[in-house]
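Text of entry20.cif (mmCIF, C-alpha atoms) as supplied:
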```cif
data_structure
#
loop_
_atom_site.label_atom_id
_atom_site.label_comp_id
_atom_site.auth_asym_id
_atom_site.auth_seq_id
_atom_site.Cartn_x
_atom_site.Cartn_y
_atom_site.Cartn_z
CA MET H 1449 -94.75 231.10 128.55
CA ALA H 1450 -94.79 227.50 127.44
CA MET H 1451 -95.79 224.18 128.89
CA VAL H 1452 -93.39 221.27 128.54
CA GLY H 1453 -94.40 218.18 130.48
CA LEU H 1454 -95.38 219.02 134.04
CA PHE H 1455 -93.47 222.32 133.85
CA TRP H 1456 -94.66 225.82 132.94
CA ILE H 1457 -91.65 227.74 131.69
CA THR H 1458 -91.02 231.45 131.27
CA GLU H 1459 -87.80 233.29 130.47
CA ASP H 1460 -87.06 233.68 134.18
CA SER H 1461 -89.08 231.00 136.02
CA VAL H 1462 -89.99 227.33 136.04
CA TYR H 1463 -93.15 226.13 137.77
CA VAL H 1464 -94.56 222.69 138.47
CA GLY H 1465 -98.06 222.77 137.01
CA SER H 1466 -99.46 226.13 136.01
CA PRO H 1467 -97.93 229.56 136.61
CA PRO H 1468 -99.07 231.57 139.66
CA ASN H 1469 -102.83 232.01 139.83
CA ALA H 1470 -104.56 235.30 140.70
CA GLU H 1471 -103.63 234.86 144.38
CA GLY H 1472 -100.00 234.07 143.48
CA HIS H 1473 -100.24 230.39 144.47
CA CYS H 1474 -97.61 228.29 142.70
CA ALA H 1475 -94.70 225.89 143.04
CA HIS H 1476 -91.55 227.54 141.71
CA VAL H 1477 -88.52 225.38 140.87
CA SER H 1478 -85.03 226.91 140.83
CA SER H 1479 -81.42 225.75 140.99
CA GLU H 1480 -81.61 226.13 144.76
CA GLY H 1481 -84.81 224.15 145.36
CA VAL H 1482 -88.58 224.47 145.51
CA ARG H 1483 -90.49 227.51 146.73
CA ALA H 1484 -94.24 227.23 147.13
CA ARG H 1485 -96.75 229.99 147.71
CA GLY H 1486 -100.17 228.90 148.85
CA PRO H 1487 -102.99 229.69 151.27
CA ASP H 1488 -100.65 228.97 154.20
CA GLY H 1489 -97.97 231.39 153.00
CA VAL H 1490 -94.56 230.75 151.47
CA ARG H 1491 -92.61 227.57 152.11
CA ALA H 1492 -89.21 226.62 150.71
CA TRP H 1493 -87.12 223.46 150.49
CA PRO H 1494 -83.51 223.41 149.30
CA TRP H 1495 -82.78 220.44 147.04
CA ALA H 1496 -80.21 219.16 149.55
CA SER H 1497 -82.94 218.81 152.19
CA LEU H 1498 -85.14 216.60 149.99
CA ARG H 1499 -84.99 212.82 149.85
CA SER H 1500 -87.41 212.72 146.94
CA ALA H 1501 -89.65 214.94 144.84
CA GLY H 1502 -92.50 213.85 142.61
CA VAL H 1503 -95.92 214.82 141.37
CA GLU H 1504 -99.03 212.80 142.18
CA ALA H 1505 -102.62 212.88 140.91
CA VAL H 1506 -101.42 214.05 137.49
CA PRO H 1507 -104.29 214.08 134.98
CA VAL H 1508 -103.56 211.68 132.14
CA GLU H 1509 -104.59 212.52 128.60
CA GLY H 1510 -107.76 210.71 127.59
CA PRO H 1511 -108.53 208.84 124.41
CA THR H 1512 -109.90 211.99 122.73
CA ARG H 1513 -106.50 213.59 122.42
CA GLY H 1514 -105.98 216.36 119.97
CA ALA H 1515 -104.13 219.61 119.49
CA GLY H 1516 -107.34 221.66 119.53
CA ARG H 1517 -108.41 220.31 122.92
CA PHE H 1518 -104.89 220.79 124.29
CA LEU H 1519 -104.60 224.39 123.07
CA ALA H 1520 -108.04 225.23 124.41
CA ALA H 1521 -107.06 223.95 127.86
CA VAL H 1522 -103.79 225.91 127.86
CA LEU H 1523 -105.53 229.10 126.70
CA GLU H 1524 -108.21 228.66 129.36
CA ALA H 1525 -105.52 228.30 132.04
CA VAL H 1526 -103.80 231.50 130.87
CA VAL H 1527 -107.01 233.52 130.46
CA THR H 1528 -108.41 232.58 133.87
CA LEU H 1529 -105.23 233.44 135.80
CA GLY H 1530 -106.30 237.01 136.40
CA SER H 1531 -110.04 236.57 136.49
CA SER H 1532 -112.54 235.53 139.11
CA TYR H 1533 -113.22 232.27 137.30
CA ASP H 1534 -115.59 230.23 139.45
CA GLY H 1535 -116.28 227.27 137.16
CA ALA H 1536 -114.62 223.92 137.36
CA GLY H 1537 -110.98 224.87 137.26
CA PRO H 1538 -108.10 222.83 135.94
CA PRO H 1539 -107.37 219.55 137.69
CA GLN H 1540 -105.31 219.74 140.85
CA MET H 1541 -102.17 217.71 141.40
CA PHE H 1542 -99.73 217.44 144.28
CA LEU H 1543 -96.01 218.13 144.38
CA VAL H 1544 -94.89 215.62 147.01
CA LEU H 1545 -91.61 216.37 148.76
CA GLU H 1546 -90.04 213.91 151.15
CA THR H 1547 -87.84 215.62 153.74
CA ARG H 1548 -85.89 214.24 156.67
CA ASP H 1549 -88.85 215.18 158.88
CA GLY H 1550 -91.64 213.69 156.76
CA THR H 1551 -93.65 214.32 153.65
CA GLU H 1552 -94.82 217.72 152.46
CA GLU H 1553 -97.53 218.14 149.83
CA VAL H 1554 -98.02 221.24 147.73
CA GLN H 1555 -101.25 221.48 145.75
CA VAL H 1556 -100.76 222.90 142.26
CA SER H 1557 -103.06 223.36 139.30
CA ALA H 1558 -102.32 221.32 136.21
CA ALA H 1559 -101.55 223.39 133.14
CA THR H 1560 -103.73 221.13 131.00
CA TRP H 1561 -106.58 218.65 131.41
CA GLY H 1562 -104.32 215.73 130.54
CA TYR H 1563 -100.63 214.98 130.06
CA THR H 1564 -99.25 212.10 128.00
CA SER H 1565 -97.88 209.16 129.98
CA ARG H 1566 -94.43 209.76 128.49
CA GLU H 1567 -94.47 213.45 129.46
CA ILE H 1568 -95.36 212.49 133.01
CA ALA H 1569 -92.59 209.90 133.30
CA LEU H 1570 -89.98 212.16 131.68
CA SER H 1571 -91.02 215.12 133.87
CA GLN H 1572 -90.81 213.00 137.02
CA GLY H 1573 -87.32 211.91 135.97
CA LEU H 1574 -86.26 215.50 135.31
CA LEU H 1575 -87.61 216.59 138.70
CA THR H 1576 -85.51 213.84 140.30
CA ARG H 1577 -82.45 215.06 138.41
CA PHE H 1578 -83.09 218.61 139.69
CA ARG H 1579 -83.16 217.22 143.23
CA GLU H 1580 -79.96 215.23 142.66
CA GLY H 1581 -78.21 218.26 141.16
CA THR H 1582 -77.58 216.51 137.83
CA ALA H 1583 -79.93 218.82 135.89
CA ASP H 1584 -80.66 222.52 136.32
CA PRO H 1585 -83.93 224.44 135.82
CA ARG H 1586 -81.93 227.27 134.23
CA THR H 1587 -81.63 225.06 131.13
CA LEU H 1588 -85.41 225.28 130.72
CA MET H 1589 -85.39 229.07 131.12
CA THR H 1590 -82.62 229.38 128.52
CA TRP H 1591 -84.73 227.33 126.12
CA SER H 1592 -87.69 229.68 126.79
CA ARG H 1593 -85.58 232.76 126.06
CA ASP H 1594 -84.34 231.19 122.82
CA HIS H 1595 -87.67 229.77 121.58
CA GLY H 1596 -90.36 232.16 122.78
CA ALA H 1597 -93.71 231.45 124.32
CA ASP H 1598 -95.09 228.76 122.03
CA THR H 1599 -95.91 225.43 123.65
CA PRO H 1600 -94.38 222.69 121.49
CA ARG H 1601 -96.32 219.70 120.16
CA PRO H 1602 -96.33 216.52 122.31
CA SER H 1603 -93.50 214.77 120.46
CA GLU H 1604 -91.35 217.91 120.69
CA ARG H 1605 -92.10 218.27 124.42
CA GLU H 1606 -91.03 214.68 125.02
CA ALA H 1607 -87.80 215.23 123.06
CA LEU H 1608 -87.05 218.37 125.07
CA LEU H 1609 -87.62 216.57 128.37
CA ARG H 1610 -85.27 213.75 127.30
CA ALA H 1611 -82.61 216.26 126.24
CA TRP H 1612 -82.89 218.27 129.45
CA ALA H 1613 -82.60 215.14 131.58
CA GLN H 1614 -79.34 214.30 129.79
CA ALA H 1615 -77.86 217.83 129.83
#
```
Could you quickly redo this structure as structure tokens?
Amino acid sequence: MAMVGLFWITEDSVYVGSPPNAEGHCAHVSSEGVRARGPDGVRAWPWASLRSAGVEAVPVEGPTRGAGRFLAAVLEAVVTLGSSYDGAGPPQMFLVLETRDGTEEVQVSAATWGYTSREIALSQGLLTRFREGTADPRTLMTWSRDHGADTPRPSEREALLRAWAQA
């Protein structure tokens, strides 16, 4: 598993934010659309039914950036997935989906305590391209199969997001 921008990527899945928590809550992105599992059950939205898709309340990386802090946050997110962690969890963000009938919000956990501004902007753009059908989440899964589970450094993540948005 690797984090690139606002996406958590495995060989067979792409999530907005972190992967499923112990209860299975997550926002899964596929070629067909978005599928969310939360306290209210499972909800799904095909891309064609969405007017827009974006993520709000994204935690922005603070001035004390550093690889050690980033890796610690990612490791904490992974380690606490299966535990009964009751401390202050990772920040929450909202996947906001505008449908013909109104706005739907899906609460997701951030995969880190702070994303770079560029990662946020590039991720939002890629999410829009998924909705428009001009980019495909399968590209991210292919990358994961080819490159393993290591989360790239910030500059590499930004380059990947740019490349995926142009693919």
Can you work out the spacing between CA of Arg1566 (chain H) and CA of Gly1465 (chain H) in Å, to one decimal?
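Result for CA of Arg1566 (chain H) versus CA of Gly1465 (chain H): 16.0 Å, one decimal.
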How would you write as a ChimeraX atom specification the residues that get within 10 Å of (-95.1, 225.6, 135.3) in the file's frame, counting only C-alpha atoms?
/H:1449-1458,1461-1468,1474-1477,1556-1559
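We find CA of Gln1572 (chain H) and CA of Arg1610 (chain H) to be spaced 11.2 Å apart.
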Among listed residues H:Ala1613, H:Val1508, H:Leu1608, H:Val1503, nearest Trp1591 (chain H) (using all atoms listed in the file):
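Smallest separation from Trp1591 (chain H) among the options: H:Leu1608.
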With all atoms listed in the file counted, which protein, DNA or RNA residues have an atom no more than 10 Å from (-90.3, 224.8, 143.8) in the file frame? Please answer as a list in words.
Val1462, Tyr1463, Val1464, Cys1474, Ala1475, His1476, Val1477, Ser1478, Ser1479, Glu1480, Gly1481, Val1482, Arg1483, Ala1484, Arg1485, Arg1491, Ala1492, Trp1493, Pro1494, Trp1495, Ala1501, Leu1543, Leu1545 and Val1554 of chain H
May I ask which of the residues H:Trp1612, H:Gly1472, H:Leu1498, H:Arg1605 is the closest one to Ile1568 (chain H), counting only C-alpha atoms?
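Selected residue with least distance to Ile1568 (chain H): H:Arg1605.
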Looking at H:Glu1567, H:Asn1469, H:Leu1588, H:Arg1499, which one is nearest to Glu1604 (chain H), with distances taken over only C-alpha atoms?
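Closest residue, counting only C-alpha atoms: H:Glu1567.
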Test item: the PyMOL selection byres ((chain H and resi 1561) around 7) resolved as JSON, numbers by chain:
{"H": [1507, 1521, 1538, 1539, 1558, 1560, 1562]}
